[in-house]
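*Asks:* Compact mmCIF, C-alpha atoms and all ligand atoms, saved as model12.txt, coming up:
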```txt
# COMPACT_ATOMS: atom_id res chain seq x y z
CA MET A 21 148.25 41.47 73.67
CA THR A 22 147.86 41.97 77.41
CA THR A 23 150.66 42.08 79.97
CA GLN A 24 150.10 41.58 83.70
CA ALA A 25 152.46 43.99 85.47
CA LEU A 26 155.24 42.52 87.62
CA ASN A 27 154.37 41.86 91.27
CA THR A 28 150.66 42.50 90.86
CA VAL A 29 150.29 38.74 91.17
CA ASP A 30 152.24 36.26 93.28
CA LEU A 31 151.35 33.11 91.45
CA THR A 32 150.25 31.95 88.01
CA ILE A 33 148.73 28.45 88.03
CA VAL A 34 148.39 26.48 84.82
CA GLY A 35 145.34 24.19 84.96
CA ALA A 36 141.98 24.59 86.71
CA GLY A 37 141.60 20.89 87.41
CA PRO A 38 140.85 20.01 91.05
CA ILE A 39 144.48 20.41 92.06
CA GLY A 40 145.02 23.73 90.27
CA LEU A 41 141.90 25.18 91.89
CA ALA A 42 142.84 23.76 95.30
CA THR A 43 146.31 25.31 94.94
CA ALA A 44 144.70 28.66 94.17
CA ILE A 45 142.43 28.40 97.23
CA PHE A 46 145.31 27.52 99.55
CA ALA A 47 147.28 30.41 98.01
CA ALA A 48 144.45 32.89 98.59
CA GLN A 49 144.02 31.63 102.15
CA ALA A 50 147.76 32.27 102.69
CA GLY A 51 147.44 35.82 101.39
CA LEU A 52 149.00 35.15 97.97
CA SER A 53 147.29 36.50 94.86
CA ALA A 54 146.73 33.96 92.09
CA ILE A 55 145.66 33.69 88.46
CA VAL A 56 144.58 30.30 87.09
CA LEU A 57 144.65 29.46 83.36
CA ASP A 58 142.67 26.60 81.87
CA ALA A 59 142.17 25.36 78.34
CA GLY A 60 139.90 22.39 78.98
CA PRO A 61 136.14 21.75 79.03
CA ARG A 62 134.23 24.34 81.08
CA ASP A 63 132.57 21.77 83.31
CA GLY A 64 135.96 20.21 84.18
CA ASP A 65 134.76 16.68 83.40
CA LYS A 66 137.48 14.06 83.02
CA ALA A 67 138.03 10.30 83.17
CA CYS A 68 138.29 9.57 86.90
CA GLY A 69 136.98 6.98 89.34
CA GLU A 70 135.66 9.88 91.47
CA GLY A 71 136.23 8.15 94.80
CA LEU A 72 137.35 10.56 97.52
CA MET A 73 138.97 8.46 100.23
CA PRO A 74 138.10 9.33 103.86
CA GLY A 75 141.47 11.07 104.30
CA THR A 76 140.37 13.67 101.74
CA LYS A 77 137.70 15.08 104.07
CA PRO A 78 140.05 17.13 106.33
CA LEU A 79 141.61 18.62 103.18
CA LEU A 80 138.17 19.51 101.79
CA ASP A 81 137.39 21.13 105.15
CA GLN A 82 140.57 23.22 104.92
CA LEU A 83 139.62 24.22 101.40
CA GLY A 84 136.19 25.18 102.73
CA ILE A 85 134.16 23.02 100.33
CA ASP A 86 131.60 20.26 100.83
CA PRO A 87 130.68 18.90 97.38
CA PRO A 88 127.59 16.69 97.06
CA GLY A 89 128.05 12.97 96.46
CA HIS A 90 127.40 9.47 97.76
CA PRO A 91 128.96 8.01 100.92
CA LEU A 92 131.67 5.39 100.40
CA GLU A 93 131.95 3.07 103.37
CA GLY A 94 134.70 0.71 102.25
CA VAL A 95 136.15 -1.36 99.44
CA VAL A 96 135.22 -4.72 97.89
CA TYR A 97 137.61 -6.75 95.72
CA ALA A 98 135.99 -9.36 93.48
CA GLN A 99 137.42 -11.87 91.03
CA GLY A 100 135.43 -14.84 89.74
CA ALA A 101 133.82 -16.52 92.75
CA HIS A 102 136.10 -14.72 95.23
CA ARG A 103 134.95 -11.62 97.05
CA VAL A 104 136.46 -9.80 100.02
CA GLU A 105 135.31 -6.56 101.60
CA HIS A 106 136.65 -4.19 104.23
CA ARG A 107 134.84 -1.21 105.74
CA PHE A 108 136.73 1.99 106.53
CA PRO A 109 137.40 2.13 110.28
CA GLY A 110 136.36 5.79 110.66
CA PRO A 111 134.25 8.27 108.70
CA ALA A 112 133.12 7.39 105.19
CA GLY A 113 134.70 8.66 101.98
CA ARG A 114 132.57 10.14 99.22
CA GLY A 115 131.90 9.46 95.54
CA VAL A 116 131.77 12.91 93.91
CA ARG A 117 131.18 13.74 90.24
CA ARG A 118 134.11 15.69 88.84
CA THR A 119 131.70 18.35 87.65
CA ALA A 120 130.38 18.82 91.21
CA LEU A 121 133.92 18.94 92.62
CA ARG A 122 134.94 21.49 89.99
CA GLU A 123 131.90 23.68 90.70
CA ALA A 124 132.56 23.72 94.46
CA LEU A 125 136.29 24.49 94.04
CA LEU A 126 135.72 27.12 91.36
CA ARG A 127 133.08 28.93 93.41
CA LYS A 128 135.37 29.00 96.45
CA ALA A 129 138.39 30.18 94.46
CA VAL A 130 136.45 33.00 92.80
CA ASP A 131 134.92 34.02 96.16
CA LEU A 132 138.47 34.37 97.50
CA GLY A 133 139.44 36.69 94.65
CA VAL A 134 141.26 34.21 92.40
CA GLN A 135 141.14 35.12 88.68
CA VAL A 136 140.30 32.15 86.48
CA ARG A 137 140.94 32.70 82.78
CA GLU A 138 140.02 30.50 79.81
CA GLU A 139 143.45 30.59 78.20
CA LYS A 140 145.89 27.96 77.04
CA TYR A 141 149.42 28.12 78.41
CA THR A 142 152.06 27.92 75.69
CA SER A 143 155.51 28.78 77.09
CA LEU A 144 157.52 30.02 80.04
CA THR A 145 160.77 31.78 80.79
CA GLN A 146 162.17 32.71 84.18
CA THR A 147 164.81 34.89 85.81
CA LYS A 148 165.95 34.78 89.42
CA ASP A 149 163.07 37.12 90.42
CA GLU A 150 160.11 36.31 88.18
CA VAL A 151 158.41 33.87 85.84
CA CYS A 152 156.87 34.92 82.54
CA LEU A 153 154.16 32.78 80.92
CA THR A 154 152.55 33.23 77.53
CA THR A 155 149.18 31.98 76.35
CA GLU A 156 147.74 30.97 72.98
CA GLN A 157 145.35 33.91 73.33
CA GLY A 158 148.33 36.30 73.24
CA ALA A 159 148.65 37.23 76.92
CA THR A 160 151.98 37.52 78.74
CA LEU A 161 151.71 36.98 82.50
CA THR A 162 154.51 37.84 84.88
CA SER A 163 154.43 36.59 88.47
CA ARG A 164 156.77 35.74 91.33
CA TYR A 165 156.09 32.02 90.97
CA ALA A 166 154.32 29.67 88.57
CA ILE A 167 152.80 26.26 89.26
CA GLY A 168 152.04 23.63 86.63
CA CYS A 169 148.84 21.81 87.57
CA ASP A 170 148.23 20.76 83.98
CA GLY A 171 147.85 17.04 84.50
CA LEU A 172 149.41 13.91 83.05
CA HIS A 173 150.57 15.49 79.78
CA SER A 174 151.94 18.57 81.50
CA LYS A 175 153.37 21.08 79.02
CA VAL A 176 154.84 22.97 81.98
CA ALA A 177 156.81 19.84 83.03
CA GLN A 178 157.98 19.39 79.43
CA ASP A 179 159.10 23.02 79.25
CA MET A 180 160.95 22.60 82.55
CA GLY A 181 162.79 19.66 80.95
CA VAL A 182 161.97 17.27 83.78
CA VAL A 183 159.79 14.61 82.11
CA LYS A 184 161.20 11.06 82.24
CA GLU A 185 160.49 8.56 79.47
CA VAL A 186 158.30 5.60 80.41
CA PRO A 187 158.78 2.28 78.57
CA ARG A 188 155.84 1.40 76.33
CA SER A 189 155.43 -1.92 78.16
CA ALA A 190 154.68 -0.05 81.41
CA LYS A 191 151.93 2.16 79.98
CA ARG A 192 148.35 1.82 81.16
CA TYR A 193 145.13 3.65 80.32
CA GLY A 194 141.83 4.50 82.01
CA LEU A 195 138.25 4.91 80.83
CA ARG A 196 135.09 5.95 82.59
CA GLN A 197 131.37 6.33 81.97
CA HIS A 198 128.34 6.87 84.25
CA PHE A 199 125.07 4.98 84.24
CA PHE A 200 121.65 5.86 85.65
CA THR A 201 120.90 3.19 88.22
CA LYS A 202 120.31 3.23 91.96
CA PRO A 203 123.64 2.30 93.63
CA TRP A 204 123.38 -1.25 94.95
CA SER A 205 126.18 -0.72 97.48
CA SER A 206 127.92 2.05 99.39
CA LEU A 207 131.26 0.27 98.95
CA ILE A 208 133.70 0.95 96.10
CA GLU A 209 133.67 -2.28 94.09
CA VAL A 210 136.83 -3.36 92.29
CA TYR A 211 136.51 -6.29 89.89
CA TYR A 212 139.72 -7.92 88.67
CA SER A 213 139.16 -9.51 85.27
CA LYS A 214 141.86 -11.19 83.19
CA ASP A 215 143.27 -7.98 81.73
CA ALA A 216 141.40 -5.04 83.31
CA GLU A 217 140.33 -3.67 86.66
CA VAL A 218 136.78 -2.32 86.79
CA TYR A 219 135.79 0.17 89.53
CA ILE A 220 132.23 0.96 90.50
CA THR A 221 131.73 4.17 92.46
CA PRO A 222 128.28 5.41 93.48
CA VAL A 223 128.21 9.19 92.94
CA SER A 224 124.55 10.05 93.66
CA GLU A 225 121.22 8.43 94.55
CA ASP A 226 120.64 7.47 90.91
CA THR A 227 124.07 7.29 89.27
CA VAL A 228 127.10 5.03 89.42
CA GLY A 229 130.46 5.64 87.76
CA VAL A 230 132.26 2.80 86.00
CA ALA A 231 136.03 3.22 85.57
CA VAL A 232 138.22 0.69 83.78
CA LEU A 233 142.02 0.40 83.86
CA GLY A 234 144.20 -1.68 81.58
CA ARG A 235 146.67 -1.80 78.71
CA LYS A 236 146.30 0.06 75.41
CA GLY A 237 143.04 -0.87 73.71
CA VAL A 238 141.20 -1.54 76.98
CA ASN A 239 137.45 -1.36 76.32
CA LEU A 240 134.78 -0.51 78.88
CA GLU A 241 131.93 -2.45 77.29
CA THR A 242 134.06 -5.58 76.82
CA ALA A 243 135.45 -5.34 80.34
CA VAL A 244 131.95 -5.08 81.88
CA ALA A 245 130.60 -7.84 79.63
CA GLY A 246 133.35 -10.14 80.95
CA ILE A 247 132.12 -9.82 84.55
CA PRO A 248 128.70 -11.56 84.65
CA GLN A 249 127.49 -10.15 88.00
CA LEU A 250 128.34 -6.59 86.94
CA HIS A 251 126.92 -7.05 83.46
CA THR A 252 123.61 -8.10 85.02
CA ARG A 253 123.60 -5.09 87.38
CA LEU A 254 124.15 -2.63 84.53
CA ALA A 255 121.93 -4.35 81.93
CA GLY A 256 119.47 -1.79 80.54
CA ALA A 257 120.94 1.16 82.53
CA GLU A 258 121.03 4.33 80.42
CA PRO A 259 124.41 6.08 80.09
CA ALA A 260 124.53 9.22 82.23
CA SER A 261 127.70 10.61 80.62
CA THR A 262 129.80 10.12 77.52
CA LEU A 263 132.74 7.74 77.57
CA ARG A 264 136.04 9.44 78.43
CA GLY A 265 139.59 8.17 78.44
CA ALA A 266 142.85 9.13 80.15
CA GLY A 267 146.46 8.07 79.96
CA PRO A 268 148.95 6.77 79.44
CA PHE A 269 150.34 6.54 82.95
CA PRO A 270 152.64 6.44 84.78
CA HIS A 271 153.89 9.99 84.24
CA ARG A 272 157.31 10.59 85.75
CA ALA A 273 159.18 13.79 86.54
CA ARG A 274 162.80 14.05 87.66
CA THR A 275 161.96 16.86 90.08
CA GLN A 276 158.93 18.97 91.02
CA ARG A 277 160.76 22.31 90.98
CA VAL A 278 163.03 24.24 88.68
CA GLY A 279 163.79 27.73 89.97
CA ARG A 280 160.48 29.53 90.57
CA VAL A 281 158.32 26.94 88.80
CA LEU A 282 156.70 24.06 90.72
CA LEU A 283 154.67 21.03 89.65
CA VAL A 284 151.63 20.01 91.71
CA GLY A 285 149.17 17.16 91.12
CA ASP A 286 149.49 14.66 88.24
CA SER A 287 151.91 17.01 86.41
CA GLY A 288 154.63 16.33 89.02
CA GLY A 289 154.32 12.54 88.75
CA TYR A 290 151.47 10.06 88.77
CA VAL A 291 151.77 6.30 89.20
CA ASP A 292 148.39 4.74 88.42
CA ALA A 293 144.70 4.85 89.35
CA ILE A 294 144.72 1.25 90.65
CA THR A 295 144.49 2.38 94.29
CA GLY A 296 141.72 4.92 93.49
CA GLU A 297 143.92 7.77 94.65
CA GLY A 298 145.18 10.96 93.13
CA LEU A 299 142.93 13.67 94.52
CA ARG A 300 143.86 13.35 98.20
CA VAL A 301 147.55 13.18 97.33
CA GLY A 302 147.19 16.12 94.93
CA PHE A 303 145.41 18.29 97.54
CA ALA A 304 148.19 17.47 100.02
CA GLN A 305 150.81 18.51 97.42
CA ALA A 306 148.91 21.76 96.82
CA ARG A 307 149.01 22.57 100.52
CA ALA A 308 152.73 21.71 100.74
CA ALA A 309 153.57 23.87 97.70
CA ILE A 310 151.79 26.91 99.13
CA GLU A 311 153.38 26.40 102.55
CA ALA A 312 156.78 26.55 100.78
CA LEU A 313 155.92 29.60 98.65
CA ALA A 314 154.31 31.51 101.51
CA ILE A 315 157.74 31.67 103.16
CA ASP A 316 159.60 32.14 99.85
CA THR A 317 161.34 28.76 100.00
CA PRO A 318 160.41 26.97 96.75
CA ALA A 319 163.52 24.80 97.18
CA GLY A 320 161.80 23.05 100.10
CA TYR A 321 158.93 21.76 97.97
CA PRO A 322 160.45 18.62 96.33
CA LYS A 323 161.26 17.21 99.79
CA ALA A 324 157.72 17.94 100.99
CA TRP A 325 156.37 16.40 97.76
CA LYS A 326 158.28 13.18 98.46
CA LYS A 327 156.88 13.05 101.98
CA VAL A 328 153.22 13.57 101.07
CA THR A 329 153.32 11.17 98.08
CA ARG A 330 155.53 8.40 99.52
CA GLU A 331 152.81 6.04 100.74
CA PHE A 332 150.75 6.49 97.56
CA ARG A 333 153.79 5.78 95.37
CA VAL A 334 154.88 2.69 97.30
CA LEU A 335 151.40 1.11 97.57
CA THR A 336 150.42 1.93 94.00
CA LYS A 337 153.67 0.73 92.43
CA GLY A 338 153.43 -2.48 94.45
CA LEU A 339 149.86 -3.18 93.41
CA VAL A 340 150.53 -2.39 89.72
CA ALA A 341 153.56 -4.71 89.79
CA LEU A 342 151.44 -7.48 91.31
CA ALA A 343 148.58 -6.89 88.85
CA SER A 344 151.03 -7.03 85.93
CA SER A 345 152.69 -10.26 87.12
CA PRO A 346 151.70 -13.92 86.82
CA LEU A 347 150.35 -13.52 90.39
CA ARG A 348 147.51 -11.30 89.10
CA SER A 349 144.94 -14.07 89.35
CA SER A 350 145.93 -14.62 92.99
CA ILE A 351 145.31 -11.04 94.18
CA VAL A 352 141.68 -11.46 95.26
CA PRO A 353 142.00 -15.09 96.48
CA LEU A 354 145.00 -13.94 98.54
CA ALA A 355 143.09 -10.93 99.94
CA HIS A 356 140.23 -13.32 100.73
CA ALA A 357 142.58 -15.74 102.50
CA LEU A 358 144.31 -12.91 104.39
CA PRO A 359 141.50 -10.46 105.28
CA GLY A 360 143.67 -8.85 107.97
CA LEU A 361 146.30 -7.88 105.40
CA PHE A 362 143.63 -6.62 102.99
CA GLY A 363 142.17 -4.55 105.83
CA VAL A 364 145.58 -3.01 106.60
CA VAL A 365 145.99 -1.98 102.95
CA VAL A 366 142.46 -0.49 102.74
CA ASN A 367 142.98 1.34 106.04
CA ARG A 368 146.22 2.85 104.68
CA LEU A 369 144.32 4.05 101.61
CA ALA A 370 141.61 5.49 103.83
CA ARG A 371 144.05 7.77 105.68
C1 LIG A 401 140.55 6.16 85.15
C2 LIG A 401 140.99 6.96 86.33
C3 LIG A 401 140.39 6.75 87.56
C4 LIG A 401 140.77 7.52 88.67
N1 LIG A 401 140.14 7.33 89.85
C5 LIG A 401 140.43 8.11 90.91
C6 LIG A 401 139.69 8.00 92.12
O1 LIG A 401 138.76 7.20 92.24
N2 LIG A 401 140.04 8.82 93.16
C7 LIG A 401 141.06 9.73 93.05
O2 LIG A 401 141.34 10.43 94.03
N3 LIG A 401 141.76 9.86 91.91
C8 LIG A 401 141.47 9.09 90.83
N4 LIG A 401 142.16 9.24 89.66
C9 LIG A 401 143.26 10.23 89.61
C10 LIG A 401 142.73 11.65 89.46
O3 LIG A 401 141.80 11.70 88.40
C11 LIG A 401 143.90 12.60 89.19
O4 LIG A 401 144.92 12.36 90.14
C12 LIG A 401 143.44 14.05 89.28
O5 LIG A 401 142.50 14.34 88.28
C13 LIG A 401 144.63 14.98 89.12
O6 LIG A 401 144.16 16.30 89.08
P1 LIG A 401 145.02 17.45 88.40
O7 LIG A 401 144.28 18.71 88.69
O8 LIG A 401 146.45 17.31 88.78
O9 LIG A 401 144.98 17.13 86.83
P2 LIG A 401 143.74 17.14 85.84
O10 LIG A 401 142.50 16.73 86.53
O11 LIG A 401 144.17 16.36 84.65
O12 LIG A 401 143.59 18.68 85.43
C14 LIG A 401 144.54 19.30 84.60
C15 LIG A 401 143.93 20.60 84.09
O13 LIG A 401 144.94 21.31 83.35
C16 LIG A 401 144.34 21.88 82.20
N5 LIG A 401 145.39 22.07 81.18
C17 LIG A 401 146.15 21.14 80.58
N6 LIG A 401 147.01 21.72 79.71
C18 LIG A 401 146.80 23.06 79.79
C19 LIG A 401 147.37 24.20 79.13
N7 LIG A 401 148.36 24.08 78.23
N8 LIG A 401 146.89 25.44 79.44
C20 LIG A 401 145.90 25.60 80.37
N9 LIG A 401 145.31 24.54 81.00
C21 LIG A 401 145.76 23.30 80.72
C22 LIG A 401 143.28 20.84 81.78
O14 LIG A 401 142.26 21.43 80.98
C23 LIG A 401 142.76 20.39 83.15
O15 LIG A 401 141.66 21.17 83.59
C24 LIG A 401 141.81 8.49 88.54
C25 LIG A 401 142.44 8.68 87.30
C26 LIG A 401 142.03 7.94 86.20
C27 LIG A 401 142.69 8.19 84.89
```
Re-express the file's structure as structure tokens.
Ligand SMILES: Cc1cc2nc3c(=O)[nH]c(=O)nc-3n(C[C@H](O)[C@H](O)[C@H](O)COP(=O)(O)OP(=O)(O)OC[C@H]3O[C@@H](n4cnc5c(N)ncnc54)[C@H](O)[C@@H]3O)c2cc1C

*Replies:*
Amino acid sequence: MTTQALNTVDLTIVGAGPIGLATAIFAAQAGLSAIVLDAGPRDGDKACGEGLMPGTKPLLDQLGIDPPGHPLEGVVYAQGAHRVEHRFPGPAGRGVRRTALREALLRKAVDLGVQVREEKYTSLTQTKDEVCLTTEQGATLTSRYAIGCDGLHSKVAQDMGVVKEVPRSAKRYGLRQHFFTKPWSSLIEVYYSKDAEVYITPVSEDTVGVAVLGRKGVNLETAVAGIPQLHTRLAGAEPASTLRGAGPFPHRARTQRVGRVLLVGDSGGYVDAITGEGLRVGFAQARAAIEALAIDTPAGYPKAWKKVTREFRVLTKGLVALASSPLRSSIVPLAHALPGLFGVVVNRLAR
């Protein structure tokens, strides 16, 4: 068993997903020492639409990373014969493979002196001065603060006692797989079928990502087969990754702080992937959490969390409610009939 001595580290972060690594980078930039624990696949691959909205770029700049990808110049909504597109008013976003994002963040974090350990978090206790975490590998880590960045099924959030039940009827799931084919567009395409939303994100010169959202049992092959124009595009394309799933969401937390333990990223609350967001909002939470800890005011974080997630929560909840209502089949025709309104929504997402 190993024990990290008190006060040798400011922060223990659970989860080396994009938000855990970003939190560690912001911490190191603020002069805080950090250890990150992760129990997942080494390459960090995960079901995700992989669209970084234009507003993510300034955060990537602050983090000091520039991961490779494919430019994203706007969004198209399609449903049956209806199609409406809107281009981002300013700089493009970027489609970035999770593995490329992970590599860039990990390299930066390690360069800044962050310790990243392949260990699974198992439990925590805290006093008024310190937090003590244990791992499945037998380590005990003591630090001034701890941050759970362990995603939708956050064990840290469960151990904090803040997870809120979600009714089964509200639960949705996501799938994704990549295919080798030259991207036919630099826009994110969103196809609304009867019971699923299918997202196409170009991620390199020869690969597109396909992400599908829907109720339990949603199937990627069936969803694509139900959209003739997409089925034709992908016919014969070789898979470039294995199929991965995520969910259920939403994940709800009563608060994002208990004492010296904070929740950042999906662990602190995640609505849905329908607006293709999560990363930008998570990076903004990471920055807000470190700003609070750098001045020893963890109590200020939940308010900052509300501020940086508000727009995402409102827009995403609204769109999920619409997509789950009898008005679902009217979403794209309505966007087509009201291109100005569609443009306003896309521009909000681009910020
Ligand atoms: C289908 C789908 C499509 C999406 N599309 C987009 C999109 O286009 N654009 C966008 O911005 N967002 C998108 N999102 C959302 C985005 O994927 C998430 O918001 C983002 O991954 C959250 O990052 P995170 O670091 O908080 O959590 P995660 O990426 O889930 O990382 C959590 C990490 O914690 C680790 N972990 C878990 N438990 C433990 C433990 N006990 N001990 C140690 N480590 C642990 C895991 O191994 C993992 O590395 C999508 C989501 C889905 C499901």

*Asks:* Show me a table, sorted first by chain and then by increasing residue number, of the residues of chain A having an atom at most 7 Å from ligand LIG 401 (chain A), each with its shortest atom pair and the distance in Å to one decimal, counting all atoms listed in the file and written as a Markdown table.

*Replies:*
```
| residue | atom | partner | partner_atom | distance |
| --- | --- | --- | --- | --- |
| A:Val34 | CA | A:LIG401 | C20 | 5.2 |
| A:Gly35 | CA | A:LIG401 | O13 | 3.3 |
| A:Ala36 | CA | A:LIG401 | O15 | 4.6 |
| A:Gly37 | CA | A:LIG401 | O12 | 3.6 |
| A:Pro38 | CA | A:LIG401 | O7 | 4.4 |
| A:Ile39 | CA | A:LIG401 | O7 | 3.8 |
| A:Gly40 | CA | A:LIG401 | O7 | 5.3 |
| A:Leu57 | CA | A:LIG401 | C20 | 5.0 |
| A:Asp58 | CA | A:LIG401 | N9 | 3.5 |
| A:Ala59 | CA | A:LIG401 | N9 | 4.2 |
| A:Gly60 | CA | A:LIG401 | O14 | 3.2 |
| A:Pro61 | CA | A:LIG401 | O14 | 6.4 |
| A:Gly64 | CA | A:LIG401 | O15 | 5.8 |
| A:Lys66 | CA | A:LIG401 | O10 | 6.7 |
| A:Ala67 | CA | A:LIG401 | C1 | 5.2 |
| A:Cys68 | CA | A:LIG401 | C3 | 3.6 |
| A:Gly69 | CA | A:LIG401 | N1 | 3.2 |
| A:Glu70 | CA | A:LIG401 | O1 | 4.2 |
| A:Gly71 | CA | A:LIG401 | O1 | 3.7 |
| A:Leu72 | CA | A:LIG401 | O2 | 5.3 |
| A:Met73 | CA | A:LIG401 | O2 | 6.9 |
| A:Glu139 | CA | A:LIG401 | C20 | 6.0 |
| A:Lys140 | CA | A:LIG401 | N8 | 3.6 |
| A:Tyr141 | CA | A:LIG401 | N8 | 3.8 |
| A:Thr142 | CA | A:LIG401 | N7 | 5.9 |
| A:Cys169 | CA | A:LIG401 | O8 | 5.2 |
| A:Asp170 | CA | A:LIG401 | O13 | 3.4 |
| A:Gly171 | CA | A:LIG401 | O9 | 3.7 |
| A:Leu172 | CA | A:LIG401 | O11 | 6.0 |
| A:Ser174 | CA | A:LIG401 | N6 | 6.1 |
| A:Lys175 | CA | A:LIG401 | N7 | 5.9 |
| A:Tyr193 | CA | A:LIG401 | C27 | 6.9 |
| A:Gly194 | CA | A:LIG401 | C1 | 3.8 |
| A:Leu195 | CA | A:LIG401 | C1 | 5.1 |
| A:Arg196 | CA | A:LIG401 | C1 | 6.0 |
| A:Ala231 | CA | A:LIG401 | C1 | 5.4 |
| A:Val232 | CA | A:LIG401 | C1 | 6.1 |
| A:Leu233 | CA | A:LIG401 | C1 | 6.1 |
| A:Ala266 | CA | A:LIG401 | C27 | 4.8 |
| A:Gly267 | CA | A:LIG401 | C27 | 6.2 |
| A:Val284 | CA | A:LIG401 | O8 | 6.5 |
| A:Gly285 | CA | A:LIG401 | O8 | 3.6 |
| A:Asp286 | CA | A:LIG401 | O8 | 4.1 |
| A:Ser287 | CA | A:LIG401 | O8 | 6.0 |
| A:Ala293 | CA | A:LIG401 | C24 | 4.7 |
| A:Gly296 | CA | A:LIG401 | C6 | 3.9 |
| A:Glu297 | CA | A:LIG401 | O2 | 3.8 |
| A:Gly298 | CA | A:LIG401 | O4 | 3.3 |
| A:Leu299 | CA | A:LIG401 | O2 | 3.6 |
| A:Arg300 | CA | A:LIG401 | O2 | 5.7 |
| A:Gly302 | CA | A:LIG401 | O8 | 6.3 |
```

*Asks:* Go through A:Pro359, A:Pro268, A:Gly288, A:Pro78 and flag the residue nearest A:Pro187, using only C-alpha atoms for the distances.

*Replies:*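 Residue with the minimum atom-to-atom distance to A:Pro187: A:Pro268.
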
*Asks:* Which value, in Å to one decimal, gives the distance between atom CA of A:Phe269 and atom CA of A:Ala216?

*Replies:*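 Spanning atom CA of A:Phe269 to atom CA of A:Ala216 is a straight-line distance of 14.6 Å.
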
*Asks:* What separation in Å, quoted to one decimal, exists between atom CA of A:Ile310 and atom CA of A:Thr43?

*Replies:*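 Pair atom CA of A:Ile310 / atom CA of A:Thr43 returns 7.1 Å.
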
*Asks:* If you measure from atom CA of A:Gly289 to atom CA of A:Thr275, what distance in Å do you get, rounded to one decimal?

*Replies:*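 Separation between atom CA of A:Gly289 and atom CA of A:Thr275: 8.9 Å.
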
*Asks:* May I ask which of the residues A:Leu31, A:Val301, A:Leu361, A:Ile85 is the closest one to A:Ala124, counting all atoms listed in the file?

*Replies:* A:Ile85

*Asks:* If we count all atoms listed in the file, what is near A:Leu132 at a cut-off of 10 Å, once residues fewer than 4 positions away on the same chain are taken out, given as an MDAnalysis selection string?

*Replies:* chainID A and resid 44:49 51 53:54 126:128

*Asks:* Excluding same-chain residues fewer than 3 positions from A:Ala309, what lies within 6 Å of it counting all atoms listed in the file, as a PDB file with C-alpha atoms, in the coordinates of the input?

*Replies:*
```pdb
ATOM      1  CA  ALA A 306     148.910  21.760  96.820  1.00  0.00           C
ATOM      2  CA  ALA A 312     156.780  26.550 100.780  1.00  0.00           C
ATOM      3  CA  TYR A 321     158.930  21.760  97.970  1.00  0.00           C
TER       4      TYR A 321
END
```

*Asks:* Using all atoms listed in the file, what does the table of stretch 190-285 of chain A residues within 12 Å of stretch 343-347 of chain A look like, with each row giving the shortest atom pair and its distance in Å to one decimal, sorted by chain and ascending number, as JSON lines?

*Replies:*
```
{"residue": "A:Ala190", "atom": "CA", "partner": "A:Ser344", "partner_atom": "CA", "distance": 9.1}
{"residue": "A:Lys191", "atom": "CA", "partner": "A:Ser344", "partner_atom": "CA", "distance": 11.0}
{"residue": "A:Arg192", "atom": "CA", "partner": "A:Ser344", "partner_atom": "CA", "distance": 10.4}
{"residue": "A:Tyr212", "atom": "CA", "partner": "A:Ala343", "partner_atom": "CA", "distance": 8.9}
{"residue": "A:Ser213", "atom": "CA", "partner": "A:Ala343", "partner_atom": "CA", "distance": 10.4}
{"residue": "A:Lys214", "atom": "CA", "partner": "A:Ala343", "partner_atom": "CA", "distance": 9.8}
{"residue": "A:Asp215", "atom": "CA", "partner": "A:Ser344", "partner_atom": "CA", "distance": 8.9}
{"residue": "A:Ala216", "atom": "CA", "partner": "A:Ala343", "partner_atom": "CA", "distance": 9.3}
{"residue": "A:Glu217", "atom": "CA", "partner": "A:Ala343", "partner_atom": "CA", "distance": 9.1}
{"residue": "A:Leu233", "atom": "CA", "partner": "A:Ala343", "partner_atom": "CA", "distance": 11.0}
{"residue": "A:Gly234", "atom": "CA", "partner": "A:Ser344", "partner_atom": "CA", "distance": 9.7}
{"residue": "A:Arg235", "atom": "CA", "partner": "A:Ser344", "partner_atom": "CA", "distance": 9.9}
```

*Asks:* Measuring between only C-alpha atoms, which one of A:Val230, A:Arg164, A:Ile315, A:Pro222 shows the shortest distance to A:Arg264?

*Replies:* A:Val230

*Asks:* Near A:Lys202, within 7 Å and counting only C-alpha atoms, which residues show up once chain neighbours fewer than 2 positions away are dropped, as a list in words?

*Replies:*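 Within the cut-off, the hits are Phe200, Trp204, Glu225, Asp226 and Thr227 of chain A.
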
*Asks:* Between A:Ala273, A:Leu369, A:Ala357, A:Thr336, which residue has the minimum interatomic distance to A:Gln178, considering only C-alpha atoms?

*Replies:* A:Ala273

*Asks:* Show me, as a Markdown table, the residues of stretch 239-350 of chain A having an atom within 8 Å of stretch 144-155 of chain A, each with the closest atom pair and its distance in Å, using all atoms listed in the file.

*Replies:*
```
| residue | atom | partner | partner_atom | distance |
| --- | --- | --- | --- | --- |
| A:Gly279 | CA | A:Lys148 | CA | 7.4 |
| A:Arg280 | CA | A:Val151 | CA | 6.7 |
| A:Val281 | CA | A:Val151 | CA | 7.5 |
```
